Amino acid sequence: MRLTLVVGPGRVGRTLALAHARAGEEVLLLGRRAGSWKNWARRSGIQPLRGRLPADAAPACILLAVPESGISAVAARLAGELTPSRRVRFAAHMSGLAGLGPLGPFGRLGFRIAALHPLVPFGSPIASLKALQGAPVTVLAGPGAARASARVVRLWGGRPWPLDPCIDRRRYHLGLVLAANHLTALLGWSEELLRPAFGDHAREMAARLAGEALEGIRRAGAAEALTGPVVRGEAAVLEAHFRSLRPDERRRYAAWIEPVLDLARRSGRLSAGKAREIENLMEAWRRPASPGGGEL
Ligand SMILES: NC(=O)c1ccc[n+]([C@@H]2O[C@H](COP(=O)([O-])OP(=O)(O)OC[C@H]3O[C@@H](n4cnc5c(N)ncnc54)[C@H](OP(=O)(O)O)[C@@H]3O)[C@@H](O)[C@H]2O)c1
């Protein structure tokens with residue numbers, strides 16, 4: 001039976017371990033701390049390991065699902081523990097930022113190496129595995145690794161999406177972080193503001209409205225889909241918002257208006273005069289002695 005080693009029993013690691021176990025592979029899940037993940041792994045037909053690999057373990061596929069900052073150290077340590085083999089083996093990390101450099105120790109052992117980055121926000125393993133079905137997974141493949149990468153991504157149910165090695169991965173990663181994480185934070189705040197009006201339905205109301213906005217973006221692009229007081233140039237409405245907020249919230253709101261104002265300008269639907277008016281308002285609310293009299 002093919003042996004896969006997944007390192008890092010977090011959100012991504014558990015999901016990918018489950019995918020390989022369900023595909024009939026023998027799976028080792030390696031963590032560094034004790035915890036409930038070990039029982040979860042056993043229940044899921046995955047062998048949990050702590051600390052080191054067994055001396056005779058020779059995984060054909062190694063997936064590093066550890067945070068970005070840990071990839072180099074984990075790769076160097078593991079490569080030192082593995083015995084040389086003539087078989088073609090494969091190692092990948094899941095970071096959208098790191099390139100192939102941190103996987104160098106595996107490359108020097110003859111592994112095919114790749115960065116496989118699923119465009120999915122991971123949560124619980126079962127829900128995340130479902131979300132992976134049909135999802136794009138970008139592939140930055142080292143020499144000879146394209147086929148093995150595509151095979152692994154398909155085993156997860158994902159859609160391999162080869163990435164040009166020349167793109168700036170920092171900007172690529174930020175693009176995804178904005179779409180997934182910043183949107184999530186914004187909706188968290190939206191829910192909080194809507195709670196007095198909708199009580200337990202606040203989350204659903206925020207998510208529903210966001211869903212409609214996303215549909216608009218899919219149909220027509222962000223510039224055309226944008227609605228609201230900024231693109232309408234209604235500085236007085238923004239002023240009312242600022243007055244309703246606590247000082248810490250005002251700072252946050254001013255920061256979030258900036259990209260909205262930028263998009264509104266680029267959409268061609270906001271006049272230069274109205275844009276200046278909104279900019280002046282933001283400036284005023286950012287000053288320590290704000291128009292509302294609060295400290296910003
Ligand atoms: N979450 C997402 O939506 C997502 C999406 C695409 C890609 N990714 C990428 O996937 C990777 C993992 O992200 P995640 O969200 O799954 O992170 P996570 O939930 O924080 O899990 C990381 C896991 O790695 C473990 N770990 C750290 N250092 C280790 C080591 N030296 N040996 C063994 N285990 C170690 C951590 O355990 P400890 O408790 O011991 O620290 C933790 O269980 C990251 O590179 C991330 O960029 C994440």
# chains A, B, ... in the order shown; residues from 1 in each chain; ligands from 1

call {"tool": "residues_near_ligand", "arguments": {"ligand": "ligand 1", "cutoff": "8 Å", "atoms": "only C-alpha atoms and all ligand atoms", "output": "NGL selection string"}}
result
:A and (7-14 or 30-33 or 50-51 or 64-68 or 70-71 or 73-74 or 93-97 or 117-123)

call {"tool": "select_by_dssp", "arguments": {"residues": "stretch 240-294 of chain A", "states": "alpha helix (DSSP H)", "output": "count of residues only"}}
result
41

call {"tool": "atom_distance", "arguments": {"atom1": "atom CA of A:Leu132", "atom2": "atom CA of A:Val88"}}
result
26.3 Å

call {"tool": "residues_around", "arguments": {"residues": "A:Gly104", "least_positions_apart": "6", "cutoff": "10 Å", "atoms": "only C-alpha atoms", "output": "PyMOL selection string"}}
result
chain A and resi 72+75-76+79+110-111+113

call {"tool": "residues_around", "arguments": {"residues": "A:Trp161", "least_positions_apart": "6", "cutoff": "8 Å", "atoms": "only C-alpha atoms", "output": "mmCIF file with all heavy atoms, in the first residue's frame"}}
result
data_model
loop_
_atom_site.group_PDB
_atom_site.id
_atom_site.type_symbol
_atom_site.label_atom_id
_atom_site.label_comp_id
_atom_site.auth_asym_id
_atom_site.auth_seq_id
_atom_site.Cartn_x
_atom_site.Cartn_y
_atom_site.Cartn_z
ATOM 1 N N PRO A 136 -9.767 25.006 -7.206
ATOM 2 C CA PRO A 136 -8.433 25.139 -7.784
ATOM 3 C C PRO A 136 -7.357 24.958 -6.710
ATOM 4 O O PRO A 136 -7.526 25.438 -5.593
ATOM 5 C CB PRO A 136 -8.402 26.584 -8.319
ATOM 6 C CG PRO A 136 -9.742 27.158 -8.090
ATOM 7 C CD PRO A 136 -10.523 26.249 -7.202
ATOM 8 N N VAL A 137 -6.315 24.239 -7.081
ATOM 9 C CA VAL A 137 -5.142 24.108 -6.215
ATOM 10 C C VAL A 137 -3.960 24.516 -7.077
ATOM 11 O O VAL A 137 -3.670 23.866 -8.082
ATOM 12 C CB VAL A 137 -4.958 22.651 -5.723
ATOM 13 C CG1 VAL A 137 -3.688 22.524 -4.886
ATOM 14 C CG2 VAL A 137 -6.170 22.198 -4.912
ATOM 15 N N THR A 138 -3.301 25.628 -6.726
ATOM 16 C CA THR A 138 -2.210 26.073 -7.589
ATOM 17 C C THR A 138 -0.985 25.190 -7.372
ATOM 18 O O THR A 138 -0.738 24.697 -6.271
ATOM 19 C CB THR A 138 -1.868 27.559 -7.375
ATOM 20 O OG1 THR A 138 -1.358 27.727 -6.062
ATOM 21 C CG2 THR A 138 -3.081 28.445 -7.605
ATOM 22 N N VAL A 139 -0.258 24.999 -8.480
ATOM 23 C CA VAL A 139 0.879 24.073 -8.472
ATOM 24 C C VAL A 139 2.122 24.813 -8.948
ATOM 25 O O VAL A 139 2.146 25.357 -10.051
ATOM 26 C CB VAL A 139 0.601 22.894 -9.442
ATOM 27 C CG1 VAL A 139 1.830 21.980 -9.536
ATOM 28 C CG2 VAL A 139 -0.625 22.100 -8.988
#

call {"tool": "atom_distance", "arguments": {"atom1": "atom CA of A:Arg87", "atom2": "atom CA of A:Ala60"}}
result
7.9 Å

call {"tool": "decode", "arguments": {"residues": "stretch 121-140 of chain A", "atoms": "N, CA and C atoms", "output": "PDB file, in the first residue's frame"}}
result
ATOM      1  N   PRO A 121     -10.618  28.053   2.167  1.00  0.00           N
ATOM      2  CA  PRO A 121     -10.399  28.343   3.591  1.00  0.00           C
ATOM      3  C   PRO A 121     -10.739  27.091   4.396  1.00  0.00           C
ATOM      4  N   PHE A 122      -9.752  26.509   5.064  1.00  0.00           N
ATOM      5  CA  PHE A 122      -9.951  25.214   5.724  1.00  0.00           C
ATOM      6  C   PHE A 122     -10.592  25.382   7.100  1.00  0.00           C
ATOM      7  N   GLY A 123     -11.523  24.484   7.404  1.00  0.00           N
ATOM      8  CA  GLY A 123     -12.129  24.441   8.741  1.00  0.00           C
ATOM      9  C   GLY A 123     -12.047  23.013   9.224  1.00  0.00           C
ATOM     10  N   SER A 124     -13.192  22.386   9.527  1.00  0.00           N
ATOM     11  CA  SER A 124     -13.165  20.999   9.985  1.00  0.00           C
ATOM     12  C   SER A 124     -12.810  20.101   8.797  1.00  0.00           C
ATOM     13  N   PRO A 125     -12.165  18.934   9.069  1.00  0.00           N
ATOM     14  CA  PRO A 125     -11.688  18.093   7.966  1.00  0.00           C
ATOM     15  C   PRO A 125     -12.787  17.674   6.983  1.00  0.00           C
ATOM     16  N   ILE A 126     -13.950  17.270   7.503  1.00  0.00           N
ATOM     17  CA  ILE A 126     -14.975  16.754   6.584  1.00  0.00           C
ATOM     18  C   ILE A 126     -15.528  17.884   5.708  1.00  0.00           C
ATOM     19  N   ALA A 127     -15.806  19.038   6.333  1.00  0.00           N
ATOM     20  CA  ALA A 127     -16.325  20.175   5.560  1.00  0.00           C
ATOM     21  C   ALA A 127     -15.266  20.661   4.566  1.00  0.00           C
ATOM     22  N   SER A 128     -13.990  20.665   4.977  1.00  0.00           N
ATOM     23  CA  SER A 128     -12.934  21.175   4.094  1.00  0.00           C
ATOM     24  C   SER A 128     -12.701  20.232   2.912  1.00  0.00           C
ATOM     25  N   LEU A 129     -12.817  18.930   3.191  1.00  0.00           N
ATOM     26  CA  LEU A 129     -12.643  17.967   2.100  1.00  0.00           C
ATOM     27  C   LEU A 129     -13.746  18.165   1.052  1.00  0.00           C
ATOM     28  N   LYS A 130     -14.933  18.472   1.547  1.00  0.00           N
ATOM     29  CA  LYS A 130     -16.058  18.733   0.635  1.00  0.00           C
ATOM     30  C   LYS A 130     -15.771  19.997  -0.189  1.00  0.00           C
ATOM     31  N   ALA A 131     -15.262  21.038   0.518  1.00  0.00           N
ATOM     32  CA  ALA A 131     -14.973  22.303  -0.172  1.00  0.00           C
ATOM     33  C   ALA A 131     -13.860  22.132  -1.208  1.00  0.00           C
ATOM     34  N   LEU A 132     -12.980  21.156  -0.978  1.00  0.00           N
ATOM     35  CA  LEU A 132     -11.863  20.933  -1.919  1.00  0.00           C
ATOM     36  C   LEU A 132     -12.323  20.355  -3.259  1.00  0.00           C
ATOM     37  N   GLN A 133     -13.504  19.714  -3.250  1.00  0.00           N
ATOM     38  CA  GLN A 133     -13.958  19.042  -4.482  1.00  0.00           C
ATOM     39  C   GLN A 133     -14.176  20.087  -5.585  1.00  0.00           C
ATOM     40  N   GLY A 134     -13.368  20.009  -6.612  1.00  0.00           N
ATOM     41  CA  GLY A 134     -13.482  20.936  -7.740  1.00  0.00           C
ATOM     42  C   GLY A 134     -12.774  22.261  -7.515  1.00  0.00           C
ATOM     43  N   ALA A 135     -12.167  22.447  -6.322  1.00  0.00           N
ATOM     44  CA  ALA A 135     -11.513  23.740  -6.043  1.00  0.00           C
ATOM     45  C   ALA A 135     -10.155  23.814  -6.744  1.00  0.00           C
ATOM     46  N   PRO A 136      -9.767  25.006  -7.206  1.00  0.00           N
ATOM     47  CA  PRO A 136      -8.433  25.139  -7.784  1.00  0.00           C
ATOM     48  C   PRO A 136      -7.357  24.958  -6.710  1.00  0.00           C
ATOM     49  N   VAL A 137      -6.315  24.239  -7.081  1.00  0.00           N
ATOM     50  CA  VAL A 137      -5.142  24.108  -6.215  1.00  0.00           C
ATOM     51  C   VAL A 137      -3.960  24.516  -7.077  1.00  0.00           C
ATOM     52  N   THR A 138      -3.301  25.628  -6.726  1.00  0.00           N
ATOM     53  CA  THR A 138      -2.210  26.073  -7.589  1.00  0.00           C
ATOM     54  C   THR A 138      -0.985  25.190  -7.372  1.00  0.00           C
ATOM     55  N   VAL A 139      -0.258  24.999  -8.480  1.00  0.00           N
ATOM     56  CA  VAL A 139       0.879  24.073  -8.472  1.00  0.00           C
ATOM     57  C   VAL A 139       2.122  24.813  -8.948  1.00  0.00           C
ATOM     58  N   LEU A 140       3.129  24.854  -8.074  1.00  0.00           N
ATOM     59  CA  LEU A 140       4.454  25.322  -8.483  1.00  0.00           C
ATOM     60  C   LEU A 140       5.335  24.088  -8.416  1.00  0.00           C
TER      61      LEU A 140
END
